Amino acid sequence: MRDVAVVGFAQRQMREFDGSPTCVELLVPIFRECYEQTGLTRKDIGFWCSGSSDYLAGRSFSFVSAIDAIGALPPINESHVEMDAAWALYEAWLKIQTGEVDTALVYGFGKSSASVLRRTLALQLDPYTMTPLWPDTVSIAALQARLGLDQGLWDEAALASVVDRSLCDAESNEWAIRRGASSVEDLLARPLYADPLRKHDIAPVSDGAAAIVLAAGDRARDACERPAWITHISHHIDPLHLGERDLTTSPSTRRSAPTRPVQVAELHAPFSHQELILRRELQLADDVAINPSGGALAANPMFSAGLNRIGEAAKRVWDGSADAVLGHATSGPALQQNLVALMEARG
């Protein structure tokens with residue numbers, strides 16, 4: 001296996017676009033920031049891979065227009081996934097493993113504010129038995145949270161504790177949409193939104209984009225003083241039909257988990273109770289720092305939020321605050337699909 005590392009990361013997270021810039025206008029400064037971080041240029045990137053959704057954009061092959069942010073000439077080696085860009089990162093990692101390229105730039109983007117997100121995401125359900133009922137993502141997550149409460153796996157105070165910590169940590173994240181903790185008691189006193197969830201238990205609807213640069217071997221060492229080497233990456237999927245799986249567990253996360261301990265874990269949990277599920281399935285120790293960026297409860301831009309978790313975790317290796325970190329991404333209803341990446345520093 002080739003040694004591959006995360007060497008660059010840039011993001012933008014916002015509640016709404018100021019003047020509704022196109023995805024190209026959003027991506028250009030992000031790409032420029034990645035070039036400045038790594039010293040690479042457009043011509044140095046061997047492979048490009050993006051994550052987005054035509055359903056969210058409202059037009060076919062919407063990702064093609066985003067390629068204008070890269071530049072038309074010379075032609076590029078490019079691919080796309082119709083899901084969170086964390087899976088585009090997996091494809092790029094495989095591309096580097098083949099030996100065809102040494103570098104890759106992965107990016108994701110989505111404008112959730114242009115539609116009613118919780119209804120749009122119902123289109124990812126089974127088209128014959130579930131989508132016609134239009135069960136939205138918040139209601140499905142509320143059912144999942146209620147199952148855990150009724151089984152005694154967590155209580156409302158545990159959910160509030162997750163939110164309190166996340167919003168407190170988000171104070172140091174310049175891109176957080178929601179930040180500022182109060183107390184568990186204050187959070188519990190707020191009204192229910194989708195029983196048993198309150199609004200703060202649900203990730204805010206946010207627009208945004210992100211990009212990560214991958215490089216192999218010496219190219220990584222030249223681009224970054226302390227590369228975040230990907231020593232484990234895996235993803236699995238659980239059944240789509242909600243009645244075919246126990247919603248209080250996540251077998252796909254368990255199967256994707258690394259065996260080595262970590263110091264920091266960035267978990268893509270759009271709902272507070274889902275963090276509790278992920279922590280249990282990944283068997284994270286009590287001293288592991290969870291979502292020091294604030295996580296998805298602070299900002300959850302579609303199709304880049306999972307990539308953000310990998311980038312935020314990699315930053316902890318770059319700045320020397322951690323030697324082993326975990327980045328997690330999810331897609332689909334109620335933690336249906338999960339990807340886990342372990343990144344480590346090396347001497």
# chains A, B, ... in the order shown; residues from 1 in each chain; ligands from 1

call {"tool": "select_by_dssp", "arguments": {"residues": "stretch 52-278 of chain A", "states": "alpha helix (DSSP H)", "output": "PyMOL selection string"}}
result
chain A and resi 54-57+62-66+85-97+117-120+137-150+156-169+184-188+217-223+251-256+272-278

call {"tool": "residues_around", "arguments": {"residues": "stretch 252-260 of chain A", "least_positions_apart": "3", "cutoff": "9 Å", "atoms": "only C-alpha atoms", "output": "PDB file with N, CA and C atoms, in the first residue's frame"}}
result
ATOM      1  N   HIS A 232      -5.717   4.049   7.979  1.00  0.00           N
ATOM      2  CA  HIS A 232      -6.893   3.177   7.915  1.00  0.00           C
ATOM      3  C   HIS A 232      -8.025   3.977   7.303  1.00  0.00           C
ATOM      4  N   ILE A 233      -8.729   3.379   6.344  1.00  0.00           N
ATOM      5  CA  ILE A 233      -9.925   4.006   5.793  1.00  0.00           C
ATOM      6  C   ILE A 233     -10.849   2.900   5.308  1.00  0.00           C
ATOM      7  N   SER A 234     -12.114   2.983   5.714  1.00  0.00           N
ATOM      8  CA  SER A 234     -13.061   1.921   5.386  1.00  0.00           C
ATOM      9  C   SER A 234     -14.471   2.480   5.430  1.00  0.00           C
ATOM     10  N   HIS A 235     -15.351   1.937   4.607  1.00  0.00           N
ATOM     11  CA  HIS A 235     -16.758   2.331   4.695  1.00  0.00           C
ATOM     12  C   HIS A 235     -17.655   1.137   4.414  1.00  0.00           C
ATOM     13  N   HIS A 236     -18.806   1.130   5.082  1.00  0.00           N
ATOM     14  CA  HIS A 236     -19.795   0.063   4.931  1.00  0.00           C
ATOM     15  C   HIS A 236     -21.192   0.680   4.913  1.00  0.00           C
ATOM     16  N   ILE A 237     -22.170  -0.162   4.594  1.00  0.00           N
ATOM     17  CA  ILE A 237     -23.542   0.310   4.458  1.00  0.00           C
ATOM     18  C   ILE A 237     -24.492  -0.665   5.148  1.00  0.00           C
ATOM     19  N   ASP A 238     -25.514  -0.114   5.798  1.00  0.00           N
ATOM     20  CA  ASP A 238     -26.564  -0.914   6.423  1.00  0.00           C
ATOM     21  C   ASP A 238     -27.806  -0.897   5.527  1.00  0.00           C
ATOM     22  N   THR A 249     -28.369   1.045  16.831  1.00  0.00           N
ATOM     23  CA  THR A 249     -27.001   0.579  16.597  1.00  0.00           C
ATOM     24  C   THR A 249     -26.561   1.026  15.210  1.00  0.00           C
ATOM     25  N   LEU A 278     -22.454   6.527  17.745  1.00  0.00           N
ATOM     26  CA  LEU A 278     -21.146   6.421  17.097  1.00  0.00           C
ATOM     27  C   LEU A 278     -20.038   6.182  18.116  1.00  0.00           C
ATOM     28  N   ARG A 280     -20.251   4.662  20.922  1.00  0.00           N
ATOM     29  CA  ARG A 280     -20.329   3.285  21.396  1.00  0.00           C
ATOM     30  C   ARG A 280     -19.817   2.312  20.338  1.00  0.00           C
ATOM     31  N   GLU A 281     -20.205   2.509  19.081  1.00  0.00           N
ATOM     32  CA  GLU A 281     -19.797   1.577  18.024  1.00  0.00           C
ATOM     33  C   GLU A 281     -18.300   1.658  17.736  1.00  0.00           C
ATOM     34  N   LEU A 282     -17.723   2.841  17.891  1.00  0.00           N
ATOM     35  CA  LEU A 282     -16.291   3.017  17.655  1.00  0.00           C
ATOM     36  C   LEU A 282     -15.454   2.691  18.889  1.00  0.00           C
ATOM     37  N   GLN A 283     -16.130   2.421  19.993  1.00  0.00           N
ATOM     38  CA  GLN A 283     -15.472   2.076  21.259  1.00  0.00           C
ATOM     39  C   GLN A 283     -14.428   3.127  21.652  1.00  0.00           C
ATOM     40  N   ALA A 324      -2.731  10.763  16.716  1.00  0.00           N
ATOM     41  CA  ALA A 324      -3.653   9.813  16.081  1.00  0.00           C
ATOM     42  C   ALA A 324      -5.065  10.370  16.183  1.00  0.00           C
ATOM     43  N   LEU A 326      -9.269  10.504  14.344  1.00  0.00           N
ATOM     44  CA  LEU A 326     -10.271   9.768  13.573  1.00  0.00           C
ATOM     45  C   LEU A 326     -11.245  10.759  12.947  1.00  0.00           C
ATOM     46  N   HIS A 328     -14.918  10.783  10.761  1.00  0.00           N
ATOM     47  CA  HIS A 328     -16.067   9.942  10.411  1.00  0.00           C
ATOM     48  C   HIS A 328     -17.054  10.724   9.556  1.00  0.00           C
ATOM     49  N   THR A 330     -21.074  10.281   7.558  1.00  0.00           N
ATOM     50  CA  THR A 330     -22.259   9.455   7.384  1.00  0.00           C
ATOM     51  C   THR A 330     -23.102   9.980   6.234  1.00  0.00           C
ATOM     52  N   LEU A 335     -28.020   7.157  10.044  1.00  0.00           N
ATOM     53  CA  LEU A 335     -26.684   6.549  10.054  1.00  0.00           C
ATOM     54  C   LEU A 335     -26.624   5.285   9.188  1.00  0.00           C
ATOM     55  N   GLN A 336     -27.177   5.354   8.003  1.00  0.00           N
ATOM     56  CA  GLN A 336     -27.228   4.157   7.153  1.00  0.00           C
ATOM     57  C   GLN A 336     -25.862   3.796   6.573  1.00  0.00           C
ATOM     58  N   GLN A 337     -25.119   4.790   6.084  1.00  0.00           N
ATOM     59  CA  GLN A 337     -23.820   4.549   5.472  1.00  0.00           C
ATOM     60  C   GLN A 337     -22.760   5.292   6.277  1.00  0.00           C
ATOM     61  N   ASN A 338     -21.633   4.654   6.518  1.00  0.00           N
ATOM     62  CA  ASN A 338     -20.613   5.265   7.371  1.00  0.00           C
ATOM     63  C   ASN A 338     -19.211   4.992   6.854  1.00  0.00           C
ATOM     64  N   LEU A 339     -18.380   6.023   6.931  1.00  0.00           N
ATOM     65  CA  LEU A 339     -16.972   5.945   6.524  1.00  0.00           C
ATOM     66  C   LEU A 339     -16.118   6.409   7.691  1.00  0.00           C
ATOM     67  N   VAL A 340     -15.027   5.705   7.939  1.00  0.00           N
ATOM     68  CA  VAL A 340     -14.124   6.046   9.036  1.00  0.00           C
ATOM     69  C   VAL A 340     -12.695   6.074   8.512  1.00  0.00           C
ATOM     70  N   ALA A 341     -11.976   7.142   8.826  1.00  0.00           N
ATOM     71  CA  ALA A 341     -10.567   7.267   8.443  1.00  0.00           C
ATOM     72  C   ALA A 341      -9.732   7.543   9.684  1.00  0.00           C
ATOM     73  N   LEU A 342      -8.629   6.811   9.816  1.00  0.00           N
ATOM     74  CA  LEU A 342      -7.655   7.029  10.886  1.00  0.00           C
ATOM     75  C   LEU A 342      -6.451   7.726  10.280  1.00  0.00           C
TER      76      LEU A 342
END

call {"tool": "closest_atom_pairs", "arguments": {"of": "stretch 206-275 of chain A", "to": "stretch 143-146 of chain A", "cutoff": "10 Å", "atoms": "only C-alpha atoms", "output": "JSON lines"}}
result
{"residue": "A:Leu242", "atom": "CA", "partner": "A:Gln144", "partner_atom": "CA", "distance": 9.8}
{"residue": "A:Asp246", "atom": "CA", "partner": "A:Gln144", "partner_atom": "CA", "distance": 9.0}
{"residue": "A:Leu247", "atom": "CA", "partner": "A:Gln144", "partner_atom": "CA", "distance": 5.7}
{"residue": "A:Thr248", "atom": "CA", "partner": "A:Gln144", "partner_atom": "CA", "distance": 6.4}
{"residue": "A:Thr249", "atom": "CA", "partner": "A:Gln144", "partner_atom": "CA", "distance": 9.6}
{"residue": "A:Phe271", "atom": "CA", "partner": "A:Ala145", "partner_atom": "CA", "distance": 8.9}
{"residue": "A:Ser272", "atom": "CA", "partner": "A:Ala145", "partner_atom": "CA", "distance": 8.9}
{"residue": "A:His273", "atom": "CA", "partner": "A:Ala145", "partner_atom": "CA", "distance": 6.1}
{"residue": "A:Gln274", "atom": "CA", "partner": "A:Ala145", "partner_atom": "CA", "distance": 8.1}

call {"tool": "write_last_selection", "arguments": {"atoms": "N, CA and C atoms", "output": "compact mmCIF listing (two decimals), in the first residue's frame"}}
result
# COMPACT_ATOMS: atom_id res chain seq x y z
N LEU A 242 -35.84 0.95 7.00
CA LEU A 242 -35.66 1.20 8.43
C LEU A 242 -36.12 0.03 9.29
N ASP A 246 -31.73 -2.41 13.49
CA ASP A 246 -31.92 -1.80 14.80
C ASP A 246 -31.38 -0.37 14.72
N LEU A 247 -32.26 0.61 14.78
CA LEU A 247 -31.83 1.99 14.59
C LEU A 247 -30.99 2.52 15.74
N THR A 248 -30.94 1.81 16.85
CA THR A 248 -30.13 2.27 17.99
C THR A 248 -28.69 1.78 17.89
N THR A 249 -28.37 1.05 16.83
CA THR A 249 -27.00 0.58 16.60
C THR A 249 -26.56 1.03 15.21
N PHE A 271 -27.46 14.69 14.51
CA PHE A 271 -28.41 14.73 15.62
C PHE A 271 -27.67 14.31 16.88
N SER A 272 -27.99 14.92 18.01
CA SER A 272 -27.20 14.73 19.23
C SER A 272 -27.11 13.26 19.64
N HIS A 273 -28.22 12.51 19.56
CA HIS A 273 -28.19 11.11 20.01
C HIS A 273 -27.32 10.25 19.10
N GLN A 274 -27.11 10.67 17.84
CA GLN A 274 -26.30 9.87 16.93
C GLN A 274 -24.82 9.88 17.35

call {"tool": "closest_residue", "arguments": {"among": "A:Phe63, A:Phe9, A:Trp154, A:Trp229", "to": "A:Leu276", "atoms": "only C-alpha atoms"}}
result
A:Trp154

call {"tool": "closest_residue", "arguments": {"among": "A:Gln37, A:Thr22, A:Gln124, A:Ser50", "to": "A:Ala10", "atoms": "only C-alpha atoms"}}
result
A:Gln37

call {"tool": "closest_atom_pairs", "arguments": {"of": "stretch 150-210 of chain A", "to": "stretch 303-322 of chain A", "cutoff": "12 Å", "atoms": "only C-alpha atoms", "output": "CSV"}}
result
residue,atom,partner,partner_atom,distance
A:Asn173,CA,A:Glu312,CA,10.1
A:Trp175,CA,A:Asn308,CA,10.9
A:Ala176,CA,A:Ala305,CA,11.6
A:Ala203,CA,A:Ala305,CA,10.6
A:Pro204,CA,A:Ala305,CA,11.6
A:Val205,CA,A:Ala305,CA,11.2
A:Ser206,CA,A:Ala305,CA,9.7
A:Asp207,CA,A:Ser304,CA,9.3
A:Gly208,CA,A:Ser304,CA,7.2
A:Ala209,CA,A:Ser304,CA,5.7
A:Ala210,CA,A:Ser304,CA,5.7

call {"tool": "write_last_selection", "arguments": {"atoms": "C-alpha atoms", "output": "PDB file, in the first residue's frame"}}
result
ATOM      1  CA  ASN A 173     -14.530  27.566  15.047  1.00  0.00           C
ATOM      2  CA  TRP A 175     -17.076  28.708  10.410  1.00  0.00           C
ATOM      3  CA  ALA A 176     -19.618  27.542  12.997  1.00  0.00           C
ATOM      4  CA  ALA A 203     -27.956  20.214  12.966  1.00  0.00           C
ATOM      5  CA  PRO A 204     -28.663  23.647  11.450  1.00  0.00           C
ATOM      6  CA  VAL A 205     -29.386  23.905   7.741  1.00  0.00           C
ATOM      7  CA  SER A 206     -26.234  25.440   6.332  1.00  0.00           C
ATOM      8  CA  ASP A 207     -24.716  26.007   2.925  1.00  0.00           C
ATOM      9  CA  GLY A 208     -21.060  25.446   2.217  1.00  0.00           C
ATOM     10  CA  ALA A 209     -18.177  23.747   0.518  1.00  0.00           C
ATOM     11  CA  ALA A 210     -14.868  22.153   1.453  1.00  0.00           C
TER      12      ALA A 210
END
